[in-house]
Each structure stands twice: as structure tokens, then as C-alpha cells.
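Trainee: Take a look at this one; I'll ask things after.
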Amino acid sequence: MFPVVAILVQFLAFIAPGFVQGAPASAELLDISARAPTCNTPSNRACWTTGFSITTDYETSTPFTGVTRTYNLEITEHDNWKGPDGVVKEKVMLINSPVITADWGDRITIVVKNSLRANGTSIHWHGIRQLNTNLQDGANGVTECPIPPNGGVKTYSFLALQYGTSWYHSHFTAQYGNGVVGTIQINGPASLPYDIDLGTFPISDYYYRTADNIVIDTKNNGPPLSDNVLFNGTNVHPVTGAGKYANVTLTPGKRHRLRIINTSVENHIQVSLVGHTMTVIAADFVPVNAETVNSLFLGIGQRYDVTIDASQAVSNYWFNVTFGGQGFCGGSVNPTPAAIFHYAGASGGNPTNPGTAPPDSNCLDLDNLSPVVTRTVPVANFNPTPADTLPVHLTSVPGQTFLWQVNGSSIVVDWDKPVDEYVLTGNTSYPRSENLIIENSVNQWGFWLISNDPNGAFGLPHPIHLHGHDFVVVAKSPPVTPLSQTPFIYNPSTDSGSLRSSNPPRRDVTMLPPKGWLIVAFKTDNPGAWLMHCHIAWHVSGGLSVDFLERPNDLRSGISAADAAAFEANCNAWRSYYPQLDPFKQDDSGLKI
């Protein structure tokens, strides 16, 4: 391990008894057909089953299996909890965190029980497109009311129309940073052959203070350093040595698939494996043509599936996390966050070669990736106007030094009356505080220019996440170091040549450069209320989000009576609890991704 400045979130595993409850009725998209025997083998991962392969466009074709994978999650609350590195935390909120595993084309049904004492909850399935299932997105105040505490139950159900790697987390205030998080693995084809799937590997910043306290503190102060960095839920204490390193076993001579997820609340990470390269085969849920790298930057919420060849000497190797960007990507009290990758047959003990810090990523995405399934984007149609420009701005109000705005407004959702309730009842008197962008066009490309406060006092990089879609990353301002604080304002006469029309990168999280700009585009082919927000927890808590209300009339007509009834029943249960029985009233945007 080499000294670094680091900071990451908390992925905390807690096993609790499950329970079973039936899922509500929900309309299928297409007729279910039985899955043919798989042709996916170590030497041919591109094939999946008859008629479906890595070149199949999952936005238009899915091998429906007729299989339902059912999971039962329970969220619990614990005081004076001893963490993985031996430090006792005042409070945590944990979820029994199985890896939600399915095959492409399965139905996934998850029953969530809220056993917290006083907080509501909702669970968002990050990156899941939720085609025609907006009510299952898990964004409280937008697609649902929170699930009430003390035994409230909600069932989520959706089809696995995509495949790859992702995660799930609470979308209610600060719970996500208190430990309400888990991972998702949907099996499907891949762009490279491999022998062994090592599964999901979340990396997260970890704080001894509660996330609730940090939310309050960051209204008027900068974010704290993380106290530690967890790899798959564990690490040693940087001073006492309590706890244990995460340990991943590699089989000599074999190629391994590793599914890396940045589940942090605050910081972006750069990973490297001493003595090895990694080959990227997927970015978020999008399969890409193989790209070999020495290190890999992951913004918060981003995922990369990589292959690693166990072709070096049989030994133990450090898997290191570093933070670049001159402190703009984060920092940690732990100077050497790392896990151990252990070759089968090697002796025990820690690796001896600390490795060399990789070149600084400067909080910049890997923007040269080429999706396997291509898109051609009509960039000639884009001429920015105020209607499709989203300015991000940091401002202050009495009592709060840091308040984030998009389009001149900070989002504040209403837990009692989600956006989808307005849609279901035909009420178009949407509050300004919902930061809605209403899009009625059908199956048309929409382009959005996001500017990052070029005239502000200072600029920060923001990981921008969109619900309900993969967007294409059409263009960004020139790459510079964050410390330079170089302002860039999009100029069509000089910058339009940088817009990419032929198969640009596609994903659901991308980095907005500090004091720069970003252009993304997506098709209006999925009716729903879809948040687009910064994935830094304190920033979205401080208002940095908009909500695309896409084809509201089609959304309303597509919701079944049974799903509408389940929506209303959950809201009625929540309203019976909040606000009169809740000791903790809403004091931020209501969102914490």
C-alpha cells in the first residue's frame, strides 16, 4: 500500500431473518417465453441464449424467462454498534444485504420491511431503467410516499431488462450514509471471455459520525474526511489495526471478472491492482468494447465490470484506492486504503510491494469507451436555448451557507404528496419546489446542456445520475485540473465540433467538470417522473436535482388499477404516521441518494 489521501461510504452487511409477502399485480410488458439453454461459456461469453447475445439491444429485446427472483429486505436500527474496524458508532441503520442476483429477463420482486424506530424509507434500484414501471423506482417524494417505520412493508417488482452490475440504496434523507445499501448482479453476456466471476465488489467511504449529523454540518461547512474506506464491507483501522482486509482470491492462469461499484456518499475513487492491468467490459449497465487500463476512476454511483488475468507470480497483491484532483475528489483519515488480492497457493500475510500511485485522474471519467450496441445521435439538431440549459449554482440563504440550485431553484420534494400522485389524479398544479421539467415529446432525442457555475466563487466536480434512462455523453468542456478552476462557457461557434454523434459513451452516471459544462442526451421513450441529480449525498440534500416528468399522460394511462391502489395504500400508511407521529421533520430536500 502506498500513502494516499482517501475518502469513501459505508457498505455494512447485516443478516436478519426474512419474511414472505405476495407481490402486487403488475402488467407484463410482453408475453413471457421460456428461456432456451444458455450458450454462455468461459470461451464464449458473448453468447447468452438462442437469439440473444452481446450485440442484442436490450432496450428493444429481452429474453423473458418466466422466472421470478424474490428477495426480502429488512431495515433495522442499532445503537452503539461495533463496526468492521473496531470503532463503536453511536447509531447505524442497516439492511440485510444479500446480493440481488438474477438473469437477464427474470422478474425481480423485493419485499422491503421498515423496522426503523422513527424514519421512513424508500429503496432505489440504481440504474434499473424501470421501463413502464416508474412506480417501482423507489424515489420517495417523486414515485412514492416513504414506507412508514415500525413494520411498514412495500413490495417492489420489475423486469430485468438490462444486465450487468449495480446497487440499491435508501433514497430517504441520510439513511444511505448510515448503511442502507446493497448490490445487484444481473447475469448476461459479456464482450470478453472469462473463467471466473468474482461477483460484486463495492467500495465505500465510512464515517464514525452519523450521516444525519454530517448533513447538518455540511449546510455550513465543508465535508469531513472519511474515517476509513471499506472494501466489500471491511477494512482494518489505520491506527489500531483492528478489523481485517477484504481478501479476493485469484486462480493462477485464469481470467476473472470483477464488478467494481463506488457506493460512496461523498468521494470519487481511483483503483489500481499492483502488477496487473484491468480490462473494462462494461460501464454502469452498458457493455463496452474491451479497453485495458492500468488504473480506473469511478465517480460516486459508477460501476465498471473489468477482467483481471491472474498471469503474475503466485503471491499477494495490494488493490489500492487513491484520490486525485488536488483534494477535489476527496480525502480520508486512512492514508493507505487497500484490499488484498491473493493468488490461490500463495502463503498468507500482507503483500510486500506497495506499488506506485497511478497518474492523477483529476476526477475525470474514462470517456473513450465504445458501447458494443451502437447509437447515432442527431447532434446537428442541438442548438442550446434557455429551455434545454440547466445551470448549476451554489448560493446561500440565512442559516445555510451552502445551498445548491438547478435552474434557479433548489429541489424540495413533498413526502406526503409525490409527483406521481399529481399525475395519477390529473392535477397539473405542480409546486415550483419540485424542480420539474415537463417533456411531452414521444420517442424524440432530448439534449441537455448542464453548466457548472462558471462564474461562482469556486467549482466542484459533480457525479450526475439520471433515473429511468442511460444517457449518451455528447460532449464536455476541455479536461483541466480541478485546482485550476478554469471557467468554461459553452460556445456553439467553437464547441459544436466536439459534439459526438457516432456511438458516444453511454451510461447513467457521468462527471460534470468544475466550472465547466456537460451535454447529455436521451430519448423520451420511458414515461415517468425521473430524477437527475448529483450523487454526492450532501449536494442532493442541499437541492442539486431536477425531475424530468416525461410524458405524464402516457404515464397515467399505463399504470394499472392494482399498482395505483398499492401506491395509494402506502401513501395512506405514511400519512397516518407523518407528520403527527414523527419526531424528526423534513429539514432538507427530502432526497438522499
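A note on labels: chains of the C-alpha cells are A, B, ... as shown, every chain counts residues from 1, and ligands are counted from 1 in their shown order.
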Name the residues in contact with Pro351 in chain A at a cut-off of 12 Å, using only C-alpha atoms, excluding same-chain residues fewer than 5 positions from it; report them as a PDB file with N, CA, C and O atoms, in the first residue's frame.

Mentor:
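After the write, selection19.pdb holds the following:
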```pdb
ATOM      1  N   MET A   1       0.854  -1.191   0.000  1.00  0.00           N
ATOM      2  CA  MET A   1       0.000   0.000   0.000  1.00  0.00           C
ATOM      3  C   MET A   1       0.884   1.233   0.000  1.00  0.00           C
ATOM      4  O   MET A   1       1.906   1.263   0.646  1.00  0.00           O
ATOM      5  N   PHE A   2       0.479   2.248  -0.724  1.00  0.00           N
ATOM      6  CA  PHE A   2       1.231   3.487  -0.719  1.00  0.00           C
ATOM      7  C   PHE A   2       0.391   4.585  -0.095  1.00  0.00           C
ATOM      8  O   PHE A   2      -0.824   4.556  -0.147  1.00  0.00           O
ATOM      9  N   TYR A 245      -8.586  -6.935   6.387  1.00  0.00           N
ATOM     10  CA  TYR A 245      -8.641  -6.517   4.998  1.00  0.00           C
ATOM     11  C   TYR A 245      -9.625  -7.390   4.227  1.00  0.00           C
ATOM     12  O   TYR A 245      -9.759  -8.596   4.513  1.00  0.00           O
ATOM     13  N   ASN A 247     -10.373  -9.704   1.224  1.00  0.00           N
ATOM     14  CA  ASN A 247      -9.449 -10.620   0.563  1.00  0.00           C
ATOM     15  C   ASN A 247     -10.156 -11.278  -0.610  1.00  0.00           C
ATOM     16  O   ASN A 247     -11.201 -11.918  -0.438  1.00  0.00           O
ATOM     17  N   LEU A 273      -4.495  -2.239  -9.224  1.00  0.00           N
ATOM     18  CA  LEU A 273      -4.034  -3.516  -8.667  1.00  0.00           C
ATOM     19  C   LEU A 273      -2.558  -3.652  -8.985  1.00  0.00           C
ATOM     20  O   LEU A 273      -2.165  -3.690 -10.164  1.00  0.00           O
ATOM     21  N   VAL A 274      -1.735  -3.699  -7.948  1.00  0.00           N
ATOM     22  CA  VAL A 274      -0.283  -3.713  -8.129  1.00  0.00           C
ATOM     23  C   VAL A 274       0.126  -4.854  -9.061  1.00  0.00           C
ATOM     24  O   VAL A 274      -0.284  -6.008  -8.869  1.00  0.00           O
ATOM     25  N   GLY A 275       0.913  -4.527 -10.092  1.00  0.00           N
ATOM     26  CA  GLY A 275       1.453  -5.538 -11.004  1.00  0.00           C
ATOM     27  C   GLY A 275       0.481  -6.047 -12.046  1.00  0.00           C
ATOM     28  O   GLY A 275       0.831  -6.966 -12.802  1.00  0.00           O
ATOM     29  N   VAL A 314       2.701 -16.239  -8.344  1.00  0.00           N
ATOM     30  CA  VAL A 314       1.770 -16.603  -7.273  1.00  0.00           C
ATOM     31  C   VAL A 314       2.202 -15.896  -5.996  1.00  0.00           C
ATOM     32  O   VAL A 314       3.242 -16.199  -5.411  1.00  0.00           O
ATOM     33  N   SER A 315       1.373 -14.920  -5.583  1.00  0.00           N
ATOM     34  CA  SER A 315       1.727 -14.089  -4.443  1.00  0.00           C
ATOM     35  C   SER A 315       0.483 -13.327  -3.996  1.00  0.00           C
ATOM     36  O   SER A 315      -0.638 -13.635  -4.436  1.00  0.00           O
ATOM     37  N   ASN A 316       0.667 -12.339  -3.150  1.00  0.00           N
ATOM     38  CA  ASN A 316      -0.409 -11.458  -2.701  1.00  0.00           C
ATOM     39  C   ASN A 316      -0.143 -10.043  -3.201  1.00  0.00           C
ATOM     40  O   ASN A 316       1.007  -9.578  -3.187  1.00  0.00           O
ATOM     41  N   TYR A 317      -1.204  -9.336  -3.608  1.00  0.00           N
ATOM     42  CA  TYR A 317      -1.053  -8.025  -4.241  1.00  0.00           C
ATOM     43  C   TYR A 317      -2.056  -7.045  -3.630  1.00  0.00           C
ATOM     44  O   TYR A 317      -3.212  -7.396  -3.366  1.00  0.00           O
ATOM     45  N   TRP A 318      -1.602  -5.795  -3.435  1.00  0.00           N
ATOM     46  CA  TRP A 318      -2.492  -4.758  -2.934  1.00  0.00           C
ATOM     47  C   TRP A 318      -3.404  -4.248  -4.044  1.00  0.00           C
ATOM     48  O   TRP A 318      -2.946  -3.967  -5.155  1.00  0.00           O
ATOM     49  N   PHE A 319      -4.681  -4.122  -3.718  1.00  0.00           N
ATOM     50  CA  PHE A 319      -5.669  -3.438  -4.562  1.00  0.00           C
ATOM     51  C   PHE A 319      -5.905  -2.090  -3.896  1.00  0.00           C
ATOM     52  O   PHE A 319      -6.536  -2.003  -2.834  1.00  0.00           O
ATOM     53  N   ASN A 320      -5.346  -1.031  -4.484  1.00  0.00           N
ATOM     54  CA  ASN A 320      -5.261   0.269  -3.825  1.00  0.00           C
ATOM     55  C   ASN A 320      -6.336   1.245  -4.293  1.00  0.00           C
ATOM     56  O   ASN A 320      -6.748   1.221  -5.451  1.00  0.00           O
ATOM     57  N   ALA A 338      -6.810  -0.066   1.140  1.00  0.00           N
ATOM     58  CA  ALA A 338      -6.484  -1.144   0.213  1.00  0.00           C
ATOM     59  C   ALA A 338      -7.178  -2.433   0.622  1.00  0.00           C
ATOM     60  O   ALA A 338      -7.591  -2.608   1.775  1.00  0.00           O
ATOM     61  N   ALA A 339      -7.286  -3.341  -0.343  1.00  0.00           N
ATOM     62  CA  ALA A 339      -7.701  -4.721  -0.126  1.00  0.00           C
ATOM     63  C   ALA A 339      -6.578  -5.633  -0.608  1.00  0.00           C
ATOM     64  O   ALA A 339      -5.624  -5.172  -1.257  1.00  0.00           O
ATOM     65  N   ILE A 340      -6.695  -6.917  -0.314  1.00  0.00           N
ATOM     66  CA  ILE A 340      -5.674  -7.886  -0.724  1.00  0.00           C
ATOM     67  C   ILE A 340      -6.245  -8.805  -1.794  1.00  0.00           C
ATOM     68  O   ILE A 340      -7.318  -9.393  -1.614  1.00  0.00           O
ATOM     69  N   PHE A 341      -5.525  -8.922  -2.907  1.00  0.00           N
ATOM     70  CA  PHE A 341      -5.838  -9.916  -3.929  1.00  0.00           C
ATOM     71  C   PHE A 341      -4.800 -11.021  -3.810  1.00  0.00           C
ATOM     72  O   PHE A 341      -3.597 -10.793  -3.981  1.00  0.00           O
ATOM     73  N   HIS A 342      -5.301 -12.201  -3.493  1.00  0.00           N
ATOM     74  CA  HIS A 342      -4.478 -13.336  -3.079  1.00  0.00           C
ATOM     75  C   HIS A 342      -4.542 -14.424  -4.149  1.00  0.00           C
ATOM     76  O   HIS A 342      -5.616 -14.912  -4.488  1.00  0.00           O
ATOM     77  N   TYR A 343      -3.394 -14.785  -4.715  1.00  0.00           N
ATOM     78  CA  TYR A 343      -3.341 -15.909  -5.643  1.00  0.00           C
ATOM     79  C   TYR A 343      -3.490 -17.213  -4.860  1.00  0.00           C
ATOM     80  O   TYR A 343      -2.807 -17.419  -3.839  1.00  0.00           O
ATOM     81  N   ALA A 346      -0.629 -19.106  -2.751  1.00  0.00           N
ATOM     82  CA  ALA A 346       0.336 -18.210  -2.112  1.00  0.00           C
ATOM     83  C   ALA A 346       0.227 -18.344  -0.595  1.00  0.00           C
ATOM     84  O   ALA A 346      -0.818 -18.722  -0.052  1.00  0.00           O
TER      85      ALA A 346
END
```

Trainee: Which parts of range 101-148 of chain A does DSSP call strand (DSSP E or B) when run on the backbone here, written out as a list of chain:residue names?

Mentor: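 Listing strand (DSSP E or B) positions across range 101-148 of chain A yields A:Thr101, A:Ala102, A:Asp103, A:Arg107, A:Ile108, A:Thr109, A:Ile110, A:Val111, A:Val112, A:Lys113, A:Asn114, A:Thr121, A:Ile123, A:His124, A:Trp125, A:Asn140, A:Glu144, A:Ile147.
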
Trainee: Based on the selection just made, write N, CA and C atoms of those residues as a PDB file, in the first residue's frame.

Mentor:
```
ATOM      1  N   THR A 101     -29.504 -11.072  -7.106  1.00  0.00           N
ATOM      2  CA  THR A 101     -28.944 -11.760  -8.271  1.00  0.00           C
ATOM      3  C   THR A 101     -30.064 -12.301  -9.139  1.00  0.00           C
ATOM      4  N   ALA A 102     -29.944 -12.082 -10.434  1.00  0.00           N
ATOM      5  CA  ALA A 102     -30.947 -12.557 -11.385  1.00  0.00           C
ATOM      6  C   ALA A 102     -30.276 -12.752 -12.726  1.00  0.00           C
ATOM      7  N   ASP A 103     -31.012 -13.360 -13.654  1.00  0.00           N
ATOM      8  CA  ASP A 103     -30.586 -13.466 -15.043  1.00  0.00           C
ATOM      9  C   ASP A 103     -31.348 -12.441 -15.881  1.00  0.00           C
ATOM     10  N   ARG A 107     -37.954 -11.717 -13.655  1.00  0.00           N
ATOM     11  CA  ARG A 107     -38.639 -10.720 -12.839  1.00  0.00           C
ATOM     12  C   ARG A 107     -37.987 -10.722 -11.455  1.00  0.00           C
ATOM     13  N   ILE A 108     -37.764  -9.513 -10.917  1.00  0.00           N
ATOM     14  CA  ILE A 108     -37.193  -9.365  -9.585  1.00  0.00           C
ATOM     15  C   ILE A 108     -38.271  -8.765  -8.688  1.00  0.00           C
ATOM     16  N   THR A 109     -38.589  -9.440  -7.599  1.00  0.00           N
ATOM     17  CA  THR A 109     -39.580  -8.965  -6.636  1.00  0.00           C
ATOM     18  C   THR A 109     -38.900  -8.850  -5.280  1.00  0.00           C
ATOM     19  N   ILE A 110     -38.973  -7.653  -4.685  1.00  0.00           N
ATOM     20  CA  ILE A 110     -38.306  -7.403  -3.413  1.00  0.00           C
ATOM     21  C   ILE A 110     -39.308  -6.848  -2.413  1.00  0.00           C
ATOM     22  N   VAL A 111     -39.468  -7.539  -1.300  1.00  0.00           N
ATOM     23  CA  VAL A 111     -40.333  -7.080  -0.217  1.00  0.00           C
ATOM     24  C   VAL A 111     -39.453  -6.358   0.802  1.00  0.00           C
ATOM     25  N   VAL A 112     -39.742  -5.086   1.034  1.00  0.00           N
ATOM     26  CA  VAL A 112     -38.949  -4.273   1.957  1.00  0.00           C
ATOM     27  C   VAL A 112     -39.764  -4.008   3.220  1.00  0.00           C
ATOM     28  N   LYS A 113     -39.210  -4.368   4.369  1.00  0.00           N
ATOM     29  CA  LYS A 113     -39.841  -4.095   5.652  1.00  0.00           C
ATOM     30  C   LYS A 113     -39.037  -3.027   6.378  1.00  0.00           C
ATOM     31  N   ASN A 114     -39.719  -1.966   6.798  1.00  0.00           N
ATOM     32  CA  ASN A 114     -39.061  -0.882   7.511  1.00  0.00           C
ATOM     33  C   ASN A 114     -39.227  -1.077   9.014  1.00  0.00           C
ATOM     34  N   THR A 121     -38.646   5.289   4.807  1.00  0.00           N
ATOM     35  CA  THR A 121     -37.595   4.834   3.904  1.00  0.00           C
ATOM     36  C   THR A 121     -38.185   4.626   2.517  1.00  0.00           C
ATOM     37  N   ILE A 123     -36.474   2.490  -1.226  1.00  0.00           N
ATOM     38  CA  ILE A 123     -35.283   1.858  -1.787  1.00  0.00           C
ATOM     39  C   ILE A 123     -35.266   2.075  -3.298  1.00  0.00           C
ATOM     40  N   HIS A 124     -34.185   2.691  -3.760  1.00  0.00           N
ATOM     41  CA  HIS A 124     -33.980   2.956  -5.189  1.00  0.00           C
ATOM     42  C   HIS A 124     -33.042   1.908  -5.776  1.00  0.00           C
ATOM     43  N   TRP A 125     -33.410   1.400  -6.936  1.00  0.00           N
ATOM     44  CA  TRP A 125     -32.643   0.363  -7.631  1.00  0.00           C
ATOM     45  C   TRP A 125     -31.826   1.071  -8.705  1.00  0.00           C
ATOM     46  N   ASN A 140     -38.627   8.422  -2.916  1.00  0.00           N
ATOM     47  CA  ASN A 140     -39.702   8.986  -2.118  1.00  0.00           C
ATOM     48  C   ASN A 140     -39.884  10.480  -2.439  1.00  0.00           C
ATOM     49  N   GLU A 144     -43.190   7.675  -4.977  1.00  0.00           N
ATOM     50  CA  GLU A 144     -43.901   7.014  -3.883  1.00  0.00           C
ATOM     51  C   GLU A 144     -43.821   7.868  -2.629  1.00  0.00           C
ATOM     52  N   ILE A 147     -41.989   4.508   3.005  1.00  0.00           N
ATOM     53  CA  ILE A 147     -42.545   3.383   3.759  1.00  0.00           C
ATOM     54  C   ILE A 147     -42.471   3.748   5.239  1.00  0.00           C
TER      55      ILE A 147
END
```

Trainee: Applying 9 Å and only C-alpha atoms, which residues near range 536-544 of chain A remain after dropping the ones on its own chain fewer than 5 positions away? List them as a VMD selection string.

Mentor: chain A and resid 173 to 174 176 to 177 214 to 215 218 to 219 223 264 to 267 300 392 to 393 402 to 406 409 to 412 462 to 464 588 to 593

Trainee: Report as a PyMOL selection string all protein, DNA and RNA residues lying within 10 Å of Ala190 in chain A, evaluated on only C-alpha atoms, omitting residues in the same chain fewer than 4 positions from it.

Mentor: chain A and resi 40+44-48+53-55+163-164+194+257+281-282+287-290+305+372

Trainee: Nearest residue to Thr524 in chain A out of A:Lys476, A:His268, A:His469, A:His237, using only C-alpha atoms?

Mentor: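 For Thr524 in chain A, the nearest of the given residues is A:His469.
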
Trainee: When you count only C-alpha atoms, which of these residues is closest to Ala561 in chain A: A:Phe328, A:Pro431, A:Leu424, A:Ile450?

Mentor: A:Leu424

Trainee: Give the answer as one residue: which of A:Ala566, A:Leu449, A:Val423, A:Ala521 has the shortest atom-to-atom distance to Asn553 in chain A, using only C-alpha atoms?

Mentor: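 The shortest atom-to-atom distance to Asn553 in chain A comes from A:Val423.
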
Trainee: Can you tell me, as JSON, numbers by chain, what residues are no more than 9 Å from Leu159 in chain A when counting only C-alpha atoms, ignoring any on the same chain fewer than 5 positions away?

Mentor: {"A": [28, 29, 64, 68, 104, 105, 106, 107, 108, 109, 130, 131, 133]}

Trainee: Could the residues in this selection be written to a file with C-alpha atoms, as a compact mmCIF listing (two decimals), in the first residue's frame?

Mentor:
```txt
# COMPACT_ATOMS: atom_id res chain seq x y z
CA GLU A 28 -46.19 -7.51 -18.07
CA LEU A 29 -44.54 -5.72 -20.96
CA PHE A 64 -38.04 -13.17 -20.93
CA THR A 68 -39.28 -14.62 -10.57
CA TRP A 104 -31.37 -11.15 -17.91
CA GLY A 105 -35.13 -11.41 -18.50
CA ASP A 106 -36.10 -12.54 -14.98
CA ARG A 107 -38.64 -10.72 -12.84
CA ILE A 108 -37.19 -9.36 -9.59
CA THR A 109 -39.58 -8.97 -6.64
CA GLN A 130 -37.83 0.72 -14.96
CA LEU A 131 -39.32 0.80 -18.47
CA THR A 133 -42.67 0.77 -14.20
```

Trainee: Ranking A:Ala562, A:Glu421, A:Leu369, A:Trp530 by minimum distance to Leu436 in chain A and counting only C-alpha atoms, which one comes first?

Mentor: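 So, comparing all the options, the nearest one is A:Trp530.
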
Trainee: Just how far from CA of Lys417 in chain A is CA of Gln580 in chain A, in Å to one decimal?

Mentor: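 Computed distance, CA of Gln580 in chain A to CA of Lys417 in chain A, equals 15.6 Å.
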
Trainee: Would you please give, as a PyMOL selection string, all residues of range 327-536 of chain A that DSSP assigns to alpha helix (DSSP H) based on the backbone?

Mentor: chain A and resi 419-425+492-495

Trainee: Mind checking which residues fall within 12 Å of Pro378 in chain A, counting only C-alpha atoms, ignoring those fewer than 4 positions away in the same chain, and posting them as a ChimeraX atom specification?

Mentor: /A:382-383,444-447,472,474,499-504,521-523

Trainee: Would you please work out which residue, of A:Ile203, A:Arg556, A:Arg575, A:Thr251, is nearest to Asn132 in chain A when using only C-alpha atoms?

Mentor: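 The shortest atom-to-atom distance to Asn132 in chain A comes from A:Arg556.
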